[in-house]
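For reference, the structure is listed below as structure tokens.
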Amino acid sequence: MNIEPMLATLIKKPFNHPDWLFEVKWDGYRAIAEIKDGDVSLYSRNQISLNQKFSPIVNSLRKIRFEAVLDGEIVVVDDKGLPDFQMLQNYQKSRKGHLLYYVFDLLHFEGHDITNLPLLKRKELLKKILPSASNIKFSDHVLKDGVLFFNTVKKKGLEGIMAKHSQSKYQIGRRSRKWLKIKTRLTQEGVIAGFTEPRKGRRYFGSLVLGVYEKKELIYIGHSGGGFTGKRLKELHDKLSSLIQKKCPFKVEPETNMPATWIKPRLVCEVAFHGWTDEGIMRQPVFLRLRDDKSAKEVVKEKPST
């Protein structure tokens, strides 16, 4: 079936409203699970199979005795119960942390397409049918009080919240204003288009040169030289070196603070930053992590909608 998930629109501030529900925005991999007759297909938003990478979740889903399509987020939490994205990326090798699948929507049930049912009805049914398993969790919500919920989430150090209209239909493959996301800090995904020469005793590279797609053209949004450990610099440099090319992948070649080496624009990373300049460049971007669950072509500038 390979369903493309419904996507949310970024906004600046939380709000209260009687017609909306609010969920934790989990810091993990978005994943659709198709279940039928003991067969499970677990895949990412860009249609990459996750069956092997997260086999413990697949094994739990195989025990489900009904036909269903679920939507949720795969996370690894630490001993404090907080999501750790790096542990998630390394889970297949390390098996460290607690692997969980937080399920927040039900799209098909026993042969019936229920995407046109109101969200609250879909979640009520999901809560009734989802079996109790140590690594499969119902992603609960609160009603009306988004501001208090956001402040609680922020204090816990979580990524943010989702605001969803309680009567919203599930719009496959579409970004909607019926689903909103509010982050506790500014972050942006960027396509790695190159890297600059190191300076001041640093090894491997100085900064990553980042871009986003706009009308199918890659445009420059800044370069990030902070947030790297020595180990991460080497690991990233090894990945970047295999993608080196002579041609600059940007529509307009940007000026960089040191000579740049260009690469094929395939890798996606996420940075935290302090806002946008009038020229559309990020202020003080700091590297957070690679996003191997994201396709480069889907990376766009994410400015909060008003």
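Naming works like this for the structure tokens: A, B, ... for the chains as they're shown, residue 1 at the start of each chain, ligands 1 onward in shown order.
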Problem set entry | Long-range neighbours of segment 85-92 of chain A as number ranges by chain, 10 Å cut-off, only C-alpha atoms, 6 positions minimum in chain | A: 26-29, 52-55, 74-78, 98-100, 288-293
For the selection just defined, write its residues with N, CA and C atoms to a file, as a PDB file, in the first residue's frame.
ATOM      1  N   TRP A  26       7.062  13.716  19.342  1.00  0.00           N
ATOM      2  CA  TRP A  26       8.136  12.781  19.664  1.00  0.00           C
ATOM      3  C   TRP A  26       9.334  12.992  18.745  1.00  0.00           C
ATOM      4  N   ASP A  27      10.528  12.889  19.305  1.00  0.00           N
ATOM      5  CA  ASP A  27      11.769  13.128  18.567  1.00  0.00           C
ATOM      6  C   ASP A  27      12.300  11.791  18.057  1.00  0.00           C
ATOM      7  N   GLY A  28      11.762  11.353  16.912  1.00  0.00           N
ATOM      8  CA  GLY A  28      12.154  10.050  16.390  1.00  0.00           C
ATOM      9  C   GLY A  28      11.935   9.926  14.902  1.00  0.00           C
ATOM     10  N   TYR A  29      11.641   8.695  14.456  1.00  0.00           N
ATOM     11  CA  TYR A  29      11.360   8.411  13.048  1.00  0.00           C
ATOM     12  C   TYR A  29       9.853   8.242  12.867  1.00  0.00           C
ATOM     13  N   GLN A  52      13.874  -4.411   9.349  1.00  0.00           N
ATOM     14  CA  GLN A  52      15.108  -4.991   9.867  1.00  0.00           C
ATOM     15  C   GLN A  52      15.718  -4.109  10.954  1.00  0.00           C
ATOM     16  N   LYS A  53      15.673  -2.806  10.726  1.00  0.00           N
ATOM     17  CA  LYS A  53      16.302  -1.865  11.659  1.00  0.00           C
ATOM     18  C   LYS A  53      15.641  -1.899  13.032  1.00  0.00           C
ATOM     19  N   PHE A  54      14.316  -2.056  13.038  1.00  0.00           N
ATOM     20  CA  PHE A  54      13.570  -2.042  14.302  1.00  0.00           C
ATOM     21  C   PHE A  54      12.738  -3.318  14.442  1.00  0.00           C
ATOM     22  N   SER A  55      13.422  -4.443  14.338  1.00  0.00           N
ATOM     23  CA  SER A  55      12.751  -5.748  14.355  1.00  0.00           C
ATOM     24  C   SER A  55      11.970  -6.026  15.645  1.00  0.00           C
ATOM     25  N   ILE A  74       8.664   6.237  15.959  1.00  0.00           N
ATOM     26  CA  ILE A  74       9.580   5.317  16.634  1.00  0.00           C
ATOM     27  C   ILE A  74      10.614   6.140  17.387  1.00  0.00           C
ATOM     28  N   VAL A  75      10.771   5.858  18.669  1.00  0.00           N
ATOM     29  CA  VAL A  75      11.747   6.578  19.489  1.00  0.00           C
ATOM     30  C   VAL A  75      12.549   5.586  20.322  1.00  0.00           C
ATOM     31  N   VAL A  76      13.712   6.032  20.760  1.00  0.00           N
ATOM     32  CA  VAL A  76      14.453   5.334  21.806  1.00  0.00           C
ATOM     33  C   VAL A  76      14.548   6.293  22.981  1.00  0.00           C
ATOM     34  N   VAL A  77      14.104   5.836  24.157  1.00  0.00           N
ATOM     35  CA  VAL A  77      14.174   6.685  25.344  1.00  0.00           C
ATOM     36  C   VAL A  77      15.280   6.191  26.270  1.00  0.00           C
ATOM     37  N   ASP A  78      15.870   7.137  26.990  1.00  0.00           N
ATOM     38  CA  ASP A  78      16.921   6.792  27.947  1.00  0.00           C
ATOM     39  C   ASP A  78      16.300   6.360  29.280  1.00  0.00           C
ATOM     40  N   HIS A  98      15.573   2.161  25.359  1.00  0.00           N
ATOM     41  CA  HIS A  98      14.280   1.483  25.283  1.00  0.00           C
ATOM     42  C   HIS A  98      13.587   1.886  23.981  1.00  0.00           C
ATOM     43  N   LEU A  99      13.435   0.933  23.086  1.00  0.00           N
ATOM     44  CA  LEU A  99      12.824   1.182  21.780  1.00  0.00           C
ATOM     45  C   LEU A  99      11.303   1.143  21.902  1.00  0.00           C
ATOM     46  N   LEU A 100      10.639   2.207  21.426  1.00  0.00           N
ATOM     47  CA  LEU A 100       9.180   2.314  21.534  1.00  0.00           C
ATOM     48  C   LEU A 100       8.577   2.786  20.218  1.00  0.00           C
ATOM     49  N   LEU A 288      22.919  19.447  15.058  1.00  0.00           N
ATOM     50  CA  LEU A 288      22.295  18.540  16.024  1.00  0.00           C
ATOM     51  C   LEU A 288      22.513  17.082  15.656  1.00  0.00           C
ATOM     52  N   ARG A 289      22.183  16.726  14.401  1.00  0.00           N
ATOM     53  CA  ARG A 289      22.297  15.320  13.991  1.00  0.00           C
ATOM     54  C   ARG A 289      22.018  15.175  12.507  1.00  0.00           C
ATOM     55  N   LEU A 290      22.450  14.049  11.961  1.00  0.00           N
ATOM     56  CA  LEU A 290      22.044  13.659  10.615  1.00  0.00           C
ATOM     57  C   LEU A 290      20.609  13.168  10.660  1.00  0.00           C
ATOM     58  N   ARG A 291      19.869  13.360   9.565  1.00  0.00           N
ATOM     59  CA  ARG A 291      18.499  12.858   9.461  1.00  0.00           C
ATOM     60  C   ARG A 291      18.446  11.867   8.301  1.00  0.00           C
ATOM     61  N   ASP A 292      18.839  10.621   8.581  1.00  0.00           N
ATOM     62  CA  ASP A 292      18.833   9.626   7.507  1.00  0.00           C
ATOM     63  C   ASP A 292      17.434   9.103   7.211  1.00  0.00           C
ATOM     64  N   ASP A 293      16.439   9.601   7.967  1.00  0.00           N
ATOM     65  CA  ASP A 293      15.048   9.243   7.674  1.00  0.00           C
ATOM     66  C   ASP A 293      14.406  10.246   6.718  1.00  0.00           C
TER      67      ASP A 293
END
Please provide as a PDB file with N, CA and C atoms, in the first residue's frame all residues within 10 Å of Lys294 of chain A, with the sequence filter that same-chain residues fewer than 6 positions apart are discarded (counting only C-alpha atoms).
ATOM      1  N   TYR A  29      11.641   8.695  14.456  1.00  0.00           N
ATOM      2  CA  TYR A  29      11.360   8.411  13.048  1.00  0.00           C
ATOM      3  C   TYR A  29       9.853   8.242  12.867  1.00  0.00           C
ATOM      4  N   ARG A  30       9.274   9.017  11.997  1.00  0.00           N
ATOM      5  CA  ARG A  30       7.870   8.818  11.621  1.00  0.00           C
ATOM      6  C   ARG A  30       7.766   7.465  10.919  1.00  0.00           C
ATOM      7  N   SER A  44       9.316   4.173   6.665  1.00  0.00           N
ATOM      8  CA  SER A  44       9.484   5.592   6.989  1.00  0.00           C
ATOM      9  C   SER A  44       8.644   6.460   6.064  1.00  0.00           C
ATOM     10  N   ARG A  45       8.650   7.759   6.331  1.00  0.00           N
ATOM     11  CA  ARG A  45       7.851   8.687   5.522  1.00  0.00           C
ATOM     12  C   ARG A  45       8.345   8.761   4.082  1.00  0.00           C
ATOM     13  N   ASN A  46       9.631   8.406   3.843  1.00  0.00           N
ATOM     14  CA  ASN A  46      10.106   8.356   2.461  1.00  0.00           C
ATOM     15  C   ASN A  46      10.217   6.917   1.950  1.00  0.00           C
ATOM     16  N   ILE A  48      11.099   3.952   3.088  1.00  0.00           N
ATOM     17  CA  ILE A  48      12.203   3.026   3.349  1.00  0.00           C
ATOM     18  C   ILE A  48      11.769   2.029   4.421  1.00  0.00           C
ATOM     19  N   GLU A 189      15.949  21.644   9.045  1.00  0.00           N
ATOM     20  CA  GLU A 189      16.685  20.626   8.302  1.00  0.00           C
ATOM     21  C   GLU A 189      17.417  21.286   7.142  1.00  0.00           C
ATOM     22  N   VAL A 191      20.055  20.422   3.606  1.00  0.00           N
ATOM     23  CA  VAL A 191      20.778  19.510   2.721  1.00  0.00           C
ATOM     24  C   VAL A 191      22.257  19.895   2.777  1.00  0.00           C
ATOM     25  N   ARG A 266      22.903  14.807  -1.021  1.00  0.00           N
ATOM     26  CA  ARG A 266      22.103  13.640  -0.629  1.00  0.00           C
ATOM     27  C   ARG A 266      21.857  13.550   0.874  1.00  0.00           C
ATOM     28  N   LEU A 267      22.799  14.047   1.661  1.00  0.00           N
ATOM     29  CA  LEU A 267      22.679  13.922   3.118  1.00  0.00           C
ATOM     30  C   LEU A 267      21.881  15.081   3.702  1.00  0.00           C
ATOM     31  N   VAL A 268      21.084  14.767   4.719  1.00  0.00           N
ATOM     32  CA  VAL A 268      20.267  15.777   5.396  1.00  0.00           C
ATOM     33  C   VAL A 268      20.687  15.832   6.867  1.00  0.00           C
ATOM     34  N   CYS A 269      20.835  17.049   7.377  1.00  0.00           N
ATOM     35  CA  CYS A 269      21.110  17.201   8.806  1.00  0.00           C
ATOM     36  C   CYS A 269      20.093  18.157   9.418  1.00  0.00           C
TER      37      CYS A 269
END
Problem set entry | Long-range neighbours of Phe205 of chain A as an MDAnalysis selection string, 9 Å cut-off, only C-alpha atoms, 6 positions minimum in chain | chainID A and resid 195:199 225 233:234 237
Problem set entry | Spatial neighbours of Ile3 of chain A, max dist 8 Å, only C-alpha atoms, sep filter under 4 positions, as a PyMOL selection string | chain A and resi 32+172-173
Selected residues written out with N, CA and C atoms, as an mmCIF file, in the first residue's frame:
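Writing done, so here's result.cif:
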data_model
loop_
_atom_site.group_PDB
_atom_site.id
_atom_site.type_symbol
_atom_site.label_atom_id
_atom_site.label_comp_id
_atom_site.auth_asym_id
_atom_site.auth_seq_id
_atom_site.Cartn_x
_atom_site.Cartn_y
_atom_site.Cartn_z
ATOM 1 N N ILE A 32 4.904 4.396 9.348
ATOM 2 C CA ILE A 32 3.612 3.770 9.059
ATOM 3 C C ILE A 32 3.771 2.264 9.228
ATOM 4 N N ILE A 172 -3.858 12.000 3.333
ATOM 5 C CA ILE A 172 -2.661 11.245 2.961
ATOM 6 C C ILE A 172 -1.729 12.098 2.097
ATOM 7 N N GLY A 173 -0.457 12.159 2.513
ATOM 8 C CA GLY A 173 0.573 12.832 1.730
ATOM 9 C C GLY A 173 0.480 14.343 1.675
#
Problem set entry | Residue neighbourhood Asp145 of chain A, 10 Å, only C-alpha atoms, exclusion window fewer than 2 positions, as number ranges by chain | A: 14-18, 20-22, 142-143, 147-150
Take the residues from that selection and write them out as a short mmCIF file (atom, residue, chain, number, x, y, z; two decimals), in the first residue's frame, keeping N, CA and C atoms.
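For reference, result-v7.cif as written:
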data_model
loop_
_atom_site.label_atom_id
_atom_site.label_comp_id
_atom_site.auth_asym_id
_atom_site.auth_seq_id
_atom_site.Cartn_x
_atom_site.Cartn_y
_atom_site.Cartn_z
N PRO A 14 2.02 28.17 21.10
CA PRO A 14 0.91 27.29 21.48
C PRO A 14 -0.36 28.10 21.73
N PHE A 15 -1.49 27.41 21.79
CA PHE A 15 -2.77 28.10 22.00
C PHE A 15 -3.73 27.17 22.72
N ASN A 16 -4.81 27.74 23.22
CA ASN A 16 -5.91 26.97 23.82
C ASN A 16 -7.11 27.04 22.89
N HIS A 17 -7.79 25.91 22.72
CA HIS A 17 -9.01 25.92 21.91
C HIS A 17 -9.82 24.65 22.20
N PRO A 18 -11.12 24.79 22.40
CA PRO A 18 -11.94 23.61 22.74
C PRO A 18 -12.05 22.57 21.63
N TRP A 20 -9.55 21.57 19.66
CA TRP A 20 -8.24 21.01 19.31
C TRP A 20 -7.74 20.08 20.41
N LEU A 21 -6.93 19.09 19.99
CA LEU A 21 -6.24 18.23 20.95
C LEU A 21 -4.74 18.41 20.76
N PHE A 22 -3.99 18.05 21.81
CA PHE A 22 -2.56 18.32 21.83
C PHE A 22 -1.80 17.07 22.26
N VAL A 142 -4.08 15.69 25.28
CA VAL A 142 -4.92 16.50 26.17
C VAL A 142 -5.83 17.34 25.29
N LEU A 143 -6.97 17.71 25.82
CA LEU A 143 -7.92 18.54 25.09
C LEU A 143 -7.85 19.99 25.57
N VAL A 147 -1.48 25.63 25.84
CA VAL A 147 -0.41 26.47 26.41
C VAL A 147 0.21 25.79 27.63
N LEU A 148 -0.61 25.32 28.54
CA LEU A 148 -0.11 24.63 29.73
C LEU A 148 0.64 23.36 29.33
N PHE A 149 0.10 22.63 28.37
CA PHE A 149 0.74 21.39 27.91
C PHE A 149 2.11 21.70 27.30
N PHE A 150 2.19 22.75 26.48
CA PHE A 150 3.46 23.15 25.86
C PHE A 150 4.50 23.49 26.93
#
For this session: Select from segment 180-221 of chain A everything DSSP, run on the backbone, classes as strand (DSSP E), then give the selection as number ranges by chain.
Result: A: 180-183, 187-196, 208-214, 217-221
File dump, residues just selected, C-alpha atoms, as a compact mmCIF listing (two decimals), in the first residue's frame:
# COMPACT_ATOMS: atom_id res chain seq x y z
CA LEU A 180 0.14 22.05 13.57
CA LYS A 181 3.52 21.68 15.27
CA ILE A 182 5.01 24.00 17.87
CA LYS A 183 8.68 23.51 18.74
CA THR A 187 15.36 23.93 14.31
CA GLN A 188 15.77 23.51 10.56
CA GLU A 189 16.68 20.63 8.30
CA GLY A 190 19.37 21.32 5.73
CA VAL A 191 20.78 19.51 2.72
CA ILE A 192 24.56 19.21 3.09
CA ALA A 193 25.94 20.70 -0.13
CA GLY A 194 29.59 20.88 0.90
CA PHE A 195 32.10 21.48 3.66
CA THR A 196 34.78 24.09 4.28
CA LEU A 208 28.89 22.22 6.74
CA VAL A 209 27.48 24.29 3.87
CA LEU A 210 23.70 23.92 3.97
CA GLY A 211 20.79 24.47 1.62
CA VAL A 212 17.08 23.86 1.10
CA TYR A 213 15.02 23.28 -2.00
CA GLU A 214 12.93 26.09 -3.44
CA GLU A 217 16.51 24.54 -6.97
CA LEU A 218 18.95 24.22 -4.06
CA ILE A 219 19.44 27.57 -2.31
CA TYR A 220 21.97 28.46 0.37
CA ILE A 221 20.78 28.99 3.98
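A straight line drawn from atom CA of Asp238 of chain A to atom CA of Ser49 of chain A is 24.7 Å long.
Closest approach to Phe138 of chain A among A:Leu117, A:Met282, A:Val40, A:Leu106 is made by A:Leu106 (distances from only C-alpha atoms).
You will find atom CA of Trp179 of chain A at 4.4 Å from atom CA of Lys164 of chain A.
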For this session: Run DSSP on the backbone and give me the residues of segment 107-276 of chain A it puts in alpha helix (DSSP H), as a ChimeraX atom specification.
Result: /A:119-129,146-155,230-241
Just write the chosen residues, N, CA and C atoms, as a short mmCIF file (atom, residue, chain, number, x, y, z; two decimals), in the first residue's frame.
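Below is the file that was written, selection_25.cif:
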data_model
loop_
_atom_site.label_atom_id
_atom_site.label_comp_id
_atom_site.auth_asym_id
_atom_site.auth_seq_id
_atom_site.Cartn_x
_atom_site.Cartn_y
_atom_site.Cartn_z
N LEU A 119 -10.67 12.78 13.69
CA LEU A 119 -9.48 12.33 14.41
C LEU A 119 -9.82 11.76 15.78
N LEU A 120 -10.68 12.44 16.53
CA LEU A 120 -11.00 11.99 17.88
C LEU A 120 -11.64 10.60 17.85
N LYS A 121 -12.47 10.32 16.86
CA LYS A 121 -13.08 8.99 16.70
C LYS A 121 -12.01 7.96 16.37
N ARG A 122 -11.09 8.33 15.48
CA ARG A 122 -10.02 7.39 15.11
C ARG A 122 -9.16 7.06 16.32
N LYS A 123 -8.86 8.07 17.13
CA LYS A 123 -8.02 7.83 18.31
C LYS A 123 -8.76 7.03 19.38
N GLU A 124 -10.06 7.25 19.51
CA GLU A 124 -10.85 6.46 20.47
C GLU A 124 -10.83 4.98 20.09
N LEU A 125 -11.01 4.71 18.79
CA LEU A 125 -10.96 3.32 18.31
C LEU A 125 -9.56 2.74 18.48
N LEU A 126 -8.55 3.53 18.15
CA LEU A 126 -7.16 3.08 18.29
C LEU A 126 -6.86 2.68 19.73
N LYS A 127 -7.29 3.49 20.67
CA LYS A 127 -7.01 3.20 22.09
C LYS A 127 -7.67 1.90 22.53
N LYS A 128 -8.86 1.61 21.99
CA LYS A 128 -9.58 0.38 22.35
C LYS A 128 -8.89 -0.86 21.80
N ILE A 129 -8.37 -0.77 20.58
CA ILE A 129 -7.88 -1.98 19.91
C ILE A 129 -6.39 -2.22 20.07
N GLY A 146 -3.63 23.86 25.31
CA GLY A 146 -2.35 23.71 24.62
C GLY A 146 -1.21 24.47 25.25
N VAL A 147 -1.48 25.63 25.84
CA VAL A 147 -0.41 26.47 26.41
C VAL A 147 0.21 25.79 27.63
N LEU A 148 -0.61 25.32 28.54
CA LEU A 148 -0.11 24.63 29.73
C LEU A 148 0.64 23.36 29.33
N PHE A 149 0.10 22.63 28.37
CA PHE A 149 0.74 21.39 27.91
C PHE A 149 2.11 21.70 27.30
N PHE A 150 2.19 22.75 26.48
CA PHE A 150 3.46 23.15 25.86
C PHE A 150 4.50 23.49 26.93
N ASN A 151 4.10 24.25 27.93
CA ASN A 151 5.03 24.64 28.99
C ASN A 151 5.54 23.44 29.78
N THR A 152 4.66 22.46 29.99
CA THR A 152 5.05 21.23 30.69
C THR A 152 6.07 20.45 29.86
N VAL A 153 5.78 20.33 28.56
CA VAL A 153 6.68 19.62 27.64
C VAL A 153 8.04 20.31 27.57
N LYS A 154 8.03 21.63 27.53
CA LYS A 154 9.28 22.40 27.45
C LYS A 154 10.13 22.18 28.70
N LYS A 155 9.50 22.17 29.87
CA LYS A 155 10.23 21.95 31.13
C LYS A 155 10.88 20.57 31.17
N GLY A 230 35.00 15.54 18.28
CA GLY A 230 36.05 15.03 17.39
C GLY A 230 35.64 13.76 16.68
N LYS A 231 34.96 12.88 17.41
CA LYS A 231 34.50 11.62 16.82
C LYS A 231 33.47 11.87 15.73
N ARG A 232 32.54 12.80 16.00
CA ARG A 232 31.49 13.08 15.02
C ARG A 232 32.08 13.75 13.77
N LEU A 233 33.09 14.61 13.95
CA LEU A 233 33.76 15.23 12.80
C LEU A 233 34.32 14.17 11.86
N LYS A 234 34.99 13.17 12.44
CA LYS A 234 35.58 12.11 11.61
C LYS A 234 34.50 11.28 10.93
N GLU A 235 33.46 10.89 11.68
CA GLU A 235 32.38 10.07 11.11
C GLU A 235 31.71 10.80 9.95
N LEU A 236 31.44 12.08 10.15
CA LEU A 236 30.80 12.87 9.09
C LEU A 236 31.71 13.04 7.90
N HIS A 237 33.00 13.31 8.17
CA HIS A 237 33.95 13.50 7.07
C HIS A 237 34.05 12.25 6.21
N ASP A 238 34.00 11.08 6.84
CA ASP A 238 34.04 9.83 6.08
C ASP A 238 32.84 9.72 5.14
N LYS A 239 31.66 10.12 5.63
CA LYS A 239 30.45 10.09 4.79
C LYS A 239 30.54 11.12 3.66
N LEU A 240 31.02 12.32 3.98
CA LEU A 240 31.09 13.40 3.00
C LEU A 240 32.09 13.09 1.90
N SER A 241 33.20 12.47 2.27
CA SER A 241 34.28 12.22 1.30
C SER A 241 33.85 11.34 0.14
#
Exercise. Which of these residues is nearest to Pro285 of chain A, using only C-alpha atoms: A:Ser224, A:Thr115, A:Thr184, A:Ser242?
Worked result: A:Ser224
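Distance check against Asp140 of chain A using only C-alpha atoms: of A:Glu110, A:Glu253, A:Glu23, A:Glu298, the minimum falls on A:Glu23.
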For this session: For atom CA of Gly97 of chain A and atom CA of Ala133 of chain A, quote the distance in Å rounded to one decimal.
Result: 16.5 Å
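Proximity ranking of A:Lys246, A:Asp37, A:Asp71, A:Leu186 relative to Gly275 of chain A places A:Leu186 first, based on only C-alpha atoms.
Remark: for Phe228 of chain A, the closest of the candidate residues A:Lys12, A:Arg185, A:Arg62, A:Arg203 is A:Arg203 (distances computed over only C-alpha atoms).
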